[in-house]
There are 2 protein chains.
Amino acid sequence: MTSIDNRQIREAASIARAISHPVRLQILNELRGEGAYVMHLTAVLGRPQANISQHLMVLREAGLVTAIRDGMTVLYQISDPQVLNIVDDLLALAQKRIESRGLAAGEMESKQGGRRRRRGKCRCPRCSQEDRSGRHGRG
Amino acid sequence: MTSIDNRQIREAASIARAISHPVRLQILNELRGEGAYVMHLTAVLGRPQANISQHLMVLREAGLVTAIRDGMTVLYQISDPQVLNIVDDLLALAQKRIESRGLAAGEMESKQGGRRRRRGKCRCPRCSQEDRSGRHGRG
DNA sequence: ATACTACATTCACAATTTGGAATAAGGTCA
DNA sequence: TGACCTTATTCCAAATTGTGAATGTAGTAT
């Protein structure tokens with residue numbers, strides 16, 4: 001039996017709320033796999049460091065991510081794989097909608113990246129390593 | 001290739017945003033299966049009708065639910081089964097956390113319903129029918 | 001028509017969230 | 001030590017959200 005009490009509802013809602021910001025969702029998406037350093041997130045998302053840090057704080061307080069100091073840098077990781085289930089479901093539904101809307105409104109994807117997309121080079125420990133060993137992509 | 005563009009991120013975030021309120025999450029949870037009438041939601045959640053209606057509007061505008069008039073009453077349904085995947089994942093993670101917190105903090109479930117739980121009787125078409133027969137769809 | 005029921009919308013205000021700027025805090029290295 | 005790097009936090013104004021109260025709209029019944 002699936003009895004839902006108030007605590008569970010509130011907890012679930014607060015998880016959703018932490019995820020419900022484009023920057024935070026993007027952060028979670030970037031943390032797939034082995035996680036990412038703050039400077040990497042700052043570089044990839046193209047946002048001020050303070051802002052990234054603020055969003056990371058929200059994610060931390062919601063318990064969605066954990067921070068591990070590594071010298072001067074900090075590695076953030078997703079705290080529980082189930083978090084990614086939620087993210088994946090959200091992205092899947094979003095994708096489905098965008099597609100069906102595209103068919104309905106003739107709004108096909110042929111645009112060039114409206115805004116700046118990837119801020120390219122980042123000097124975080126991981127990126128430096130990948131850069132040298134020629135490994136690209138995530139996973 | 002799972003390239004995530006900005007539109008998809010924003011769409012996903014806005015879905016999460018719509019879900020991220022306890023009342024709305026509870027509404028979605030009540031809509032499982034065949035949906036529910038507004039008066040049923042009002043009765044079950046124990047909140048003012050206007051407030052339920054306001055939250056339903058948010059869910060409608062986010063495209064998570066659809067409304068079908070049926071005489072004087074309005075039946076709300078989940079617009080896409082994938083919405084429930086998200087809800088289920090949120091509830092699962094919430095449950096997992098509450099459990100692990102309970103073990104860690106000795107906060108076992110020994111409370112009586114902190115707030116009012118179910119407002120019991122509701123006169124919506126479905127409840128009335130179930131009340132006097134037992135199990136049947138709408139007519 | 002009136003009265004009643006179910007639901008939706010608007011308004012006003014409090015509470016919360018957001019993000020930039022500045023600054024603090026923690027760590028490394030010459 | 002001080003210069004420098006990475007990340008965290010505080011302050012604050014603007015924007016957004018949540019809610020009750022009142023009101024509007026649509027359908028039913030008499």
# chains A, B, ... in the order shown; residues from 1 in each chain; ligands from 1
>>> interface_residues(of="chain A", to="chain D", cutoff="10 Å", atoms="only C-alpha atoms (C1' of nucleotides)", output="list in words")
Val38, Met39, Gln49, Ala50, Ile52, Ser53, Gln54, Met57, Arg69, Gly71, Met72, Thr73 and Val74 of chain A
>>> closest_atom_pairs(of="chain C", to="chain B", cutoff="12 Å", atoms="only C-alpha atoms (C1' of nucleotides)", output="CSV")
residue,atom,partner,partner_atom,distance
C:DC4,C1',B:Met72,CA,11.7
C:DT5,C1',B:Met72,CA,7.5
C:DA6,C1',B:Met72,CA,5.7
C:DC7,C1',B:Ser53,CA,7.4
C:DA8,C1',B:Ser53,CA,6.9
C:DT9,C1',B:Gln54,CA,8.7
C:DT10,C1',B:Gln54,CA,11.3
>>> interface_residues(of="chain B", to="chain A", cutoff="7 Å", atoms="only C-alpha atoms", output="VMD selection string")
chain B and resid 8 to 14 16 to 17 19 to 22 25 to 26 82 85 to 86 89 to 91 93 to 95
>>> atom_distance(atom1="CA of Ile78 (chain B)", atom2="CA of Glu61 (chain B)")
12.7 Å
>>> atom_distance(atom1="CA of Cys122 (chain A)", atom2="CA of Val65 (chain A)")
21.2 Å
>>> atom_distance(atom1="CA of Tyr76 (chain A)", atom2="CA of Val58 (chain A)")
12.8 Å
>>> select_by_dssp(residues="region 11-47 of chain B", states="alpha helix (DSSP H)", output="list in words")
Glu11, Ala12, Ala13, Ser14, Ile15, Ala16, Arg17, Ala18, Ile19, Pro22, Val23, Arg24, Leu25, Gln26, Ile27, Leu28, Asn29, Glu30, Val38, Met39, His40, Leu41, Thr42, Ala43, Val44 and Leu45 of chain B
>>> closest_residue(among="A:Thr42, A:Ser128, A:Asn51, A:Ser79", to="DA21 (chain C)", atoms="only C-alpha atoms (C1' of nucleotides)")
A:Asn51
>>> closest_residue(among="A:Arg101, A:Asp70, A:Leu59, A:Leu75", to="Leu41 (chain A)", atoms="only C-alpha atoms")
A:Leu75
